[in-house]
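Structure data follow from final23.pdb (PDB, C-alpha atoms):
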MODEL        1
ATOM      1  CA  MET A1123       0.000   0.000   0.000
ATOM      2  CA  THR A1124       1.224   3.462  -0.862
ATOM      3  CA  LEU A1125       0.056   6.920   0.063
ATOM      4  CA  HIS A1126      -1.549   8.817  -2.769
ATOM      5  CA  ASN A1127      -2.672  12.412  -2.713
ATOM      6  CA  THR A1128      -4.772  14.792  -4.725
ATOM      7  CA  LEU A1129      -3.175  17.823  -3.176
ATOM      8  CA  ALA A1130      -2.100  19.462  -6.427
ATOM      9  CA  THR A1131      -5.549  19.046  -7.949
ATOM     10  CA  HIS A1132      -7.335  20.663  -5.033
ATOM     11  CA  ARG A1133      -4.691  23.335  -4.641
ATOM     12  CA  LYS A1134      -5.103  24.412  -8.241
ATOM     13  CA  ALA A1135      -8.893  24.262  -7.922
ATOM     14  CA  ALA A1136      -8.565  26.663  -4.996
ATOM     15  CA  GLY A1137      -6.484  28.988  -7.176
ATOM     16  CA  LEU A1138      -3.398  28.724  -5.016
ATOM     17  CA  THR A1139       0.233  28.411  -5.935
ATOM     18  CA  GLN A1140       2.498  26.109  -3.958
ATOM     19  CA  ALA A1141       4.022  29.142  -2.279
ATOM     20  CA  GLN A1142       0.638  30.501  -1.270
ATOM     21  CA  LEU A1143      -0.487  27.179   0.176
ATOM     22  CA  ALA A1144       2.854  26.849   1.965
ATOM     23  CA  GLU A1145       2.368  30.233   3.566
ATOM     24  CA  ARG A1146      -1.120  29.292   4.755
ATOM     25  CA  VAL A1147       0.102  26.164   6.546
ATOM     26  CA  ASN A1148       3.437  27.659   7.629
ATOM     27  CA  VAL A1149       5.795  25.347   5.762
ATOM     28  CA  SER A1150       8.253  25.892   2.923
ATOM     29  CA  ARG A1151       7.209  25.764  -0.712
ATOM     30  CA  LYS A1152       9.597  22.861  -1.175
ATOM     31  CA  THR A1153       7.648  20.851   1.386
ATOM     32  CA  ILE A1154       4.391  21.386  -0.511
ATOM     33  CA  ASN A1155       6.202  20.350  -3.678
ATOM     34  CA  THR A1156       7.622  17.153  -2.186
ATOM     35  CA  VAL A1157       4.291  16.228  -0.593
ATOM     36  CA  GLU A1158       2.486  16.696  -3.927
ATOM     37  CA  ASN A1159       5.081  14.543  -5.656
ATOM     38  CA  ALA A1160       4.824  11.891  -2.939
ATOM     39  CA  VAL A1161       8.504  12.315  -2.067
ATOM     40  CA  PHE A1162       7.731  13.372   1.500
ATOM     41  CA  ILE A1163       4.938  11.931   3.643
ATOM     42  CA  PRO A1164       3.401  14.686   5.772
ATOM     43  CA  SER A1165       2.657  14.268   9.435
ATOM     44  CA  THR A1166      -0.932  13.998  10.629
ATOM     45  CA  LEU A1167      -0.711  17.581  11.821
ATOM     46  CA  LEU A1168       0.398  18.891   8.442
ATOM     47  CA  ALA A1169      -2.192  16.782   6.627
ATOM     48  CA  LEU A1170      -4.921  18.255   8.815
ATOM     49  CA  LYS A1171      -3.600  21.789   8.245
ATOM     50  CA  LEU A1172      -3.657  21.197   4.497
ATOM     51  CA  SER A1173      -7.166  19.825   4.778
ATOM     52  CA  GLN A1174      -8.238  22.953   6.649
ATOM     53  CA  ALA A1175      -6.477  25.298   4.228
ATOM     54  CA  LEU A1176      -8.044  23.677   1.165
ATOM     55  CA  GLU A1177     -11.393  23.109   2.876
ATOM     56  CA  GLN A1178     -11.390  19.453   1.908
ATOM     57  CA  PRO A1179     -11.646  16.376   4.127
ATOM     58  CA  VAL A1180      -8.252  14.874   4.773
ATOM     59  CA  GLU A1181      -9.486  11.557   3.306
ATOM     60  CA  VAL A1182     -10.121  13.354   0.007
ATOM     61  CA  LEU A1183      -6.603  14.761  -0.064
ATOM     62  CA  PHE A1184      -4.778  11.629   1.062
ATOM     63  CA  SER A1185      -5.602   7.980   0.488
ATOM     64  CA  LEU A1186      -3.945   4.621   0.725
ATOM     65  CA  GLU A1187      -4.956   3.555  -2.730
ATOM     66  CA  ALA A1188      -4.892   5.288  -6.073
ATOM     67  CA  PRO A1189      -8.154   7.215  -6.601
ATOM     68  CA  SER A1190     -10.490   5.555  -9.100
TER      69      SER A1190
ATOM     70  CA  MET Z1077       9.238  33.263  -6.174
ATOM     71  CA  SER Z1078       9.503  33.595  -2.409
ATOM     72  CA  VAL Z1079      12.923  33.053  -0.888
ATOM     73  CA  ASN Z1080      13.390  31.889   2.665
ATOM     74  CA  ILE Z1081      16.489  33.752   3.830
ATOM     75  CA  VAL Z1082      16.977  31.644   6.950
ATOM     76  CA  ALA Z1083      16.892  28.416   4.937
ATOM     77  CA  ARG Z1084      19.139  29.830   2.217
ATOM     78  CA  ILE Z1085      21.790  30.916   4.720
ATOM     79  CA  ARG Z1086      21.611  27.490   6.350
ATOM     80  CA  THR Z1087      22.197  25.865   2.965
ATOM     81  CA  LEU Z1088      25.027  28.246   2.075
ATOM     82  CA  SER Z1089      26.696  27.500   5.423
ATOM     83  CA  ASN Z1090      26.449  23.769   4.795
ATOM     84  CA  ILE Z1091      27.836  24.120   1.270
ATOM     85  CA  ALA Z1092      30.667  26.349   2.477
ATOM     86  CA  ILE Z1093      31.820  23.971   5.208
ATOM     87  CA  THR Z1094      31.575  21.016   2.826
ATOM     88  CA  LEU Z1095      33.672  22.796   0.182
ATOM     89  CA  VAL Z1096      36.289  23.890   2.712
ATOM     90  CA  ILE Z1097      36.688  20.303   3.905
ATOM     91  CA  ALA Z1098      36.937  19.120   0.293
ATOM     92  CA  ALA Z1099      39.614  21.749  -0.320
ATOM     93  CA  LEU Z1100      41.389  20.602   2.828
ATOM     94  CA  LEU Z1101      41.473  17.025   1.572
ATOM     95  CA  PHE Z1102      42.759  18.182  -1.805
ATOM     96  CA  ALA Z1103      45.470  20.251  -0.132
ATOM     97  CA  LEU Z1104      46.440  17.241   1.977
ATOM     98  CA  TRP Z1105      46.721  15.107  -1.114
ATOM     99  CA  LEU Z1106      48.777  17.744  -2.932
ATOM    100  CA  GLY Z1107      50.989  18.331   0.054
ATOM    101  CA  ASP Z1108      51.661  14.650   0.614
ATOM    102  CA  GLY Z1109      50.035  14.692   4.031
ATOM    103  CA  ARG Z1110      51.492  18.037   5.084
ATOM    104  CA  LEU Z1111      49.216  21.001   5.732
ATOM    105  CA  TRP Z1112      49.578  24.714   5.966
ATOM    106  CA  ASP Z1113      48.970  25.343   9.667
ATOM    107  CA  LYS Z1114      46.493  28.160   8.982
ATOM    108  CA  TRP Z1115      43.989  25.639   7.596
ATOM    109  CA  VAL Z1116      42.582  25.098  11.072
ATOM    110  CA  TRP Z1117      41.707  28.787  11.352
ATOM    111  CA  ILE Z1118      40.069  28.834   7.923
ATOM    112  CA  LEU Z1119      38.000  25.790   8.768
ATOM    113  CA  GLY Z1120      37.004  27.128  12.166
ATOM    114  CA  GLY Z1121      36.315  30.562  10.728
ATOM    115  CA  VAL Z1122      33.976  29.212   8.078
ATOM    116  CA  ALA Z1123      32.120  27.098  10.631
ATOM    117  CA  VAL Z1124      31.755  29.984  13.093
ATOM    118  CA  ALA Z1125      30.772  32.397  10.327
ATOM    119  CA  GLY Z1126      28.055  29.981   9.217
ATOM    120  CA  ILE Z1127      26.675  29.666  12.729
ATOM    121  CA  VAL Z1128      26.721  33.426  13.294
ATOM    122  CA  ALA Z1129      25.057  34.047   9.937
ATOM    123  CA  GLN Z1130      22.284  31.585  10.735
ATOM    124  CA  CYS Z1131      21.714  33.130  14.157
ATOM    125  CA  LEU Z1132      21.582  36.645  12.725
ATOM    126  CA  ALA Z1133      19.234  35.581   9.928
ATOM    127  CA  SER Z1134      16.949  33.937  12.476
ATOM    128  CA  LEU Z1135      16.902  37.114  14.568
ATOM    129  CA  ILE Z1136      16.263  39.412  11.613
ATOM    130  CA  PHE Z1137      13.792  37.199   9.730
ATOM    131  CA  ARG Z1138      11.899  35.716  12.659
ATOM    132  CA  ASN Z1139       8.779  35.174  10.574
ATOM    133  CA  GLN Z1140      10.698  32.795   8.317
ATOM    134  CA  ILE Z1141      11.991  30.464  11.023
ATOM    135  CA  ALA Z1142       8.908  28.229  11.102
ATOM    136  CA  ALA Z1143       8.987  27.650   7.341
ATOM    137  CA  ALA Z1144      12.790  27.230   7.285
ATOM    138  CA  TRP Z1145      12.571  24.579   9.989
ATOM    139  CA  ASP Z1146       9.303  22.933   8.986
ATOM    140  CA  GLU Z1147       8.759  19.224   9.477
ATOM    141  CA  GLN Z1148      10.533  18.225   6.286
ATOM    142  CA  ALA Z1149      13.603  20.270   7.197
ATOM    143  CA  ARG Z1150      13.625  18.768  10.696
ATOM    144  CA  HIS Z1151      13.219  15.281   9.178
ATOM    145  CA  LEU Z1152      16.163  15.884   6.830
ATOM    146  CA  ASN Z1153      18.184  17.283   9.727
ATOM    147  CA  ARG Z1154      17.602  14.122  11.757
ATOM    148  CA  GLN Z1155      18.570  12.023   8.733
ATOM    149  CA  SER Z1156      21.744  14.070   8.345
ATOM    150  CA  TYR Z1157      22.785  13.324  11.921
ATOM    151  CA  ALA Z1158      22.161   9.615  11.379
ATOM    152  CA  PHE Z1159      24.201   9.785   8.170
ATOM    153  CA  GLY Z1160      26.989  11.600  10.008
ATOM    154  CA  TYR Z1161      26.993   9.028  12.793
ATOM    155  CA  TRP Z1162      27.352   6.066  10.455
ATOM    156  CA  LEU Z1163      29.917   7.908   8.333
ATOM    157  CA  VAL Z1164      32.078   8.526  11.394
ATOM    158  CA  MET Z1165      31.708   4.889  12.474
ATOM    159  CA  ALA Z1166      32.683   3.623   9.024
ATOM    160  CA  THR Z1167      35.660   5.952   8.597
ATOM    161  CA  PHE Z1168      36.931   5.364  12.120
ATOM    162  CA  LEU Z1169      36.850   1.588  11.707
ATOM    163  CA  THR Z1170      38.433   1.806   8.277
ATOM    164  CA  PHE Z1171      41.304   4.064   9.259
ATOM    165  CA  PHE Z1172      41.816   2.267  12.572
ATOM    166  CA  ALA Z1173      42.318  -0.939  10.598
ATOM    167  CA  LEU Z1174      44.696   0.827   8.214
ATOM    168  CA  THR Z1175      46.825   2.119  11.091
ATOM    169  CA  GLN Z1176      46.881  -1.268  12.795
ATOM    170  CA  LEU Z1177      48.018  -2.900   9.577
ATOM    171  CA  ASP Z1178      50.748  -0.233   9.276
ATOM    172  CA  ILE Z1179      49.345   0.875   5.930
ATOM    173  CA  MET Z1180      48.827   4.420   7.176
ATOM    174  CA  ARG Z1181      50.409   6.595   9.865
ATOM    175  CA  PRO Z1182      48.054   7.573  12.728
ATOM    176  CA  ASP Z1183      48.469  11.306  12.122
ATOM    177  CA  THR Z1184      47.605  10.863   8.450
ATOM    178  CA  ALA Z1185      44.623   8.725   9.392
ATOM    179  CA  PHE Z1186      43.456  11.437  11.778
ATOM    180  CA  PHE Z1187      43.499  14.067   9.035
ATOM    181  CA  PHE Z1188      41.567  11.824   6.649
ATOM    182  CA  MET Z1189      39.036  10.923   9.349
ATOM    183  CA  SER Z1190      38.199  14.481  10.299
ATOM    184  CA  PRO Z1191      36.179  15.258   7.125
ATOM    185  CA  ALA Z1192      33.675  12.651   8.278
ATOM    186  CA  LEU Z1193      32.582  15.189  10.867
ATOM    187  CA  ILE Z1194      31.001  17.287   8.133
ATOM    188  CA  GLY Z1195      28.693  14.439   7.137
ATOM    189  CA  PRO Z1196      25.571  16.216   8.406
ATOM    190  CA  SER Z1197      26.463  19.455   6.599
ATOM    191  CA  ALA Z1198      27.172  17.634   3.351
ATOM    192  CA  TYR Z1199      23.907  15.682   3.659
ATOM    193  CA  MET Z1200      21.875  18.861   4.151
ATOM    194  CA  ALA Z1201      23.716  20.605   1.317
ATOM    195  CA  VAL Z1202      22.921  17.738  -1.048
ATOM    196  CA  ALA Z1203      19.286  17.713   0.106
ATOM    197  CA  ALA Z1204      19.029  21.403  -0.746
ATOM    198  CA  LEU Z1205      20.657  20.908  -4.141
ATOM    199  CA  ARG Z1206      18.177  18.081  -4.821
ATOM    200  CA  GLY Z1207      15.364  20.523  -4.175
ATOM    201  CA  LEU Z1208      14.092  18.899  -0.984
ATOM    202  CA  THR Z1209      14.619  22.036   1.059
ATOM    203  CA  ASP Z1210      15.499  25.685   0.465
TER     204      ASP Z1210
ENDMDL
END
Show the structure stored in the file as structure tokens.
Amino acid sequence: MTLHNTLATHRKAAGLTQAQLAERVNVSRKTINTVENAVFIPSTLLALKLSQALEQPVEVLFSLEAPS
Amino acid sequence: MSVNIVARIRTLSNIAITLVIAALLFALWLGDGRLWDKWVWILGGVAVAGIVAQCLASLIFRNQIAAAWDEQARHLNRQSYAFGYWLVMATFLTFFALTQLDIMRPDTAFFFMSPALIGPSAYMAVAALRGLTD
């Protein structure tokens, strides 16, 4: 099982750049980039912050299987 | 494009110390194990300058500290210490064996072992160059 995310999709739908989203959740732009590219697995805290910033349930942003 | 000054100075410090150590090794190789005695001051100066620069940047750009040291940066930092630990273990055992087998003099082994101490800095510098952190 791998962690998949739809972070980039929802970020773009919200009209945010990586830098803007990073500023909202108080991390670096590089962290947003590596999370979107599945290079870095965010902590629960960061995942919840992203969920809050994008106004999406965390289960929509992150899943254990590839979205159908 | 936003630039995190605190993170950039951290990266520059890591690159600087890594390059100075690399230059030290090259000078050792060129000088057949003999070193200009001022090298210690250059090395120490670069290290201290890096620390001072990071402290000053953190004081001046306080609002950038959280992003510079976010969870990915802290994760990489922990990985760099683990890398440094195992690098020191490996180099110590290697050069200890070489000295015991009389392949290398102890003072030469000491000089070649010391660069292992910059393992964490080199790891963080490479992470930044790979785009994992600013």
For this session: Would you kindly translate the PyMOL selection byres ((chain A) within 9 of (chain Z)) into the concrete residues it picks from this file, as a PyMOL selection string?
Result: chain A and resi 1141+1144-1145+1148-1153+1155-1156+1161-1165+1168
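The space between atom CA of Z:Phe1102 and atom CA of Z:Tyr1157 spans 24.7 Å.
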Problem set entry | the PyMOL selection byres ((chain Z and resi 1095) around 12) applied to the shown file, residues as an NGL selection string | :Z and (1088-1094 or 1096-1102 or 1118-1119 or 1122-1123 or 1191 or 1194-1195 or 1197-1198 or 1201-1202)
For the residues in that selection, give me C-alpha atoms as a PDB file, keeping the file's coordinate frame.
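Result file follows (part_28.pdb):
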ATOM      1  CA  LEU Z1088      25.027  28.246   2.075  1.00  0.00           C
ATOM      2  CA  SER Z1089      26.696  27.500   5.423  1.00  0.00           C
ATOM      3  CA  ASN Z1090      26.449  23.769   4.795  1.00  0.00           C
ATOM      4  CA  ILE Z1091      27.836  24.120   1.270  1.00  0.00           C
ATOM      5  CA  ALA Z1092      30.667  26.349   2.477  1.00  0.00           C
ATOM      6  CA  ILE Z1093      31.820  23.971   5.208  1.00  0.00           C
ATOM      7  CA  THR Z1094      31.575  21.016   2.826  1.00  0.00           C
ATOM      8  CA  VAL Z1096      36.289  23.890   2.712  1.00  0.00           C
ATOM      9  CA  ILE Z1097      36.688  20.303   3.905  1.00  0.00           C
ATOM     10  CA  ALA Z1098      36.937  19.120   0.293  1.00  0.00           C
ATOM     11  CA  ALA Z1099      39.614  21.749  -0.320  1.00  0.00           C
ATOM     12  CA  LEU Z1100      41.389  20.602   2.828  1.00  0.00           C
ATOM     13  CA  LEU Z1101      41.473  17.025   1.572  1.00  0.00           C
ATOM     14  CA  PHE Z1102      42.759  18.182  -1.805  1.00  0.00           C
ATOM     15  CA  ILE Z1118      40.069  28.834   7.923  1.00  0.00           C
ATOM     16  CA  LEU Z1119      38.000  25.790   8.768  1.00  0.00           C
ATOM     17  CA  VAL Z1122      33.976  29.212   8.078  1.00  0.00           C
ATOM     18  CA  ALA Z1123      32.120  27.098  10.631  1.00  0.00           C
ATOM     19  CA  PRO Z1191      36.179  15.258   7.125  1.00  0.00           C
ATOM     20  CA  ILE Z1194      31.001  17.287   8.133  1.00  0.00           C
ATOM     21  CA  GLY Z1195      28.693  14.439   7.137  1.00  0.00           C
ATOM     22  CA  SER Z1197      26.463  19.455   6.599  1.00  0.00           C
ATOM     23  CA  ALA Z1198      27.172  17.634   3.351  1.00  0.00           C
ATOM     24  CA  ALA Z1201      23.716  20.605   1.317  1.00  0.00           C
ATOM     25  CA  VAL Z1202      22.921  17.738  -1.048  1.00  0.00           C
TER      26      VAL Z1202
END
For this session: Would you kindly return, as JSON, numbers by chain, each protein, DNA or RNA residue with an atom no farther than 12 Å from any atom of stretch 1172-1176 of chain A, considering only C-alpha atoms and excluding same-chain residues fewer than 3 positions away?
Result: {"A": [1127, 1128, 1129, 1130, 1131, 1132, 1133, 1134, 1135, 1136, 1137, 1138, 1139, 1140, 1142, 1143, 1144, 1145, 1146, 1147, 1148, 1149, 1153, 1154, 1157, 1158, 1164, 1165, 1166, 1167, 1168, 1169, 1179, 1180, 1181, 1182, 1183, 1184]}
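Considering the residues Z:Phe1137, Z:Phe1168, Z:Ala1103, Z:Val1124 and counting only C-alpha atoms, Z:Pro1182 has its shortest atom-to-atom contact with Z:Phe1168.
If you look at atom CA of A:Leu1170 and atom CA of Z:Arg1206, they are 26.8 Å away from each other.
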Exercise. What residues come out when you apply the PyMOL selection byres ((chain A and resi 1186) around 9) to this file, written as number ranges by chain?
Worked result: A: 1123-1127, 1184-1185, 1187-1189
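Between atom CA of Z:Trp1112 and atom CA of Z:Phe1187 the separation is 12.6 Å.
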Exercise. Near Z:Ala1185, counting all atoms listed in the file, which residues have an atom at most 12 Å away, once you skip same-chain residues fewer than 4 positions from it, shown as a VMD selection string?
Worked result: chain Z and resid 1101 1104 1109 1167 to 1176 1178 to 1181 1189 to 1192
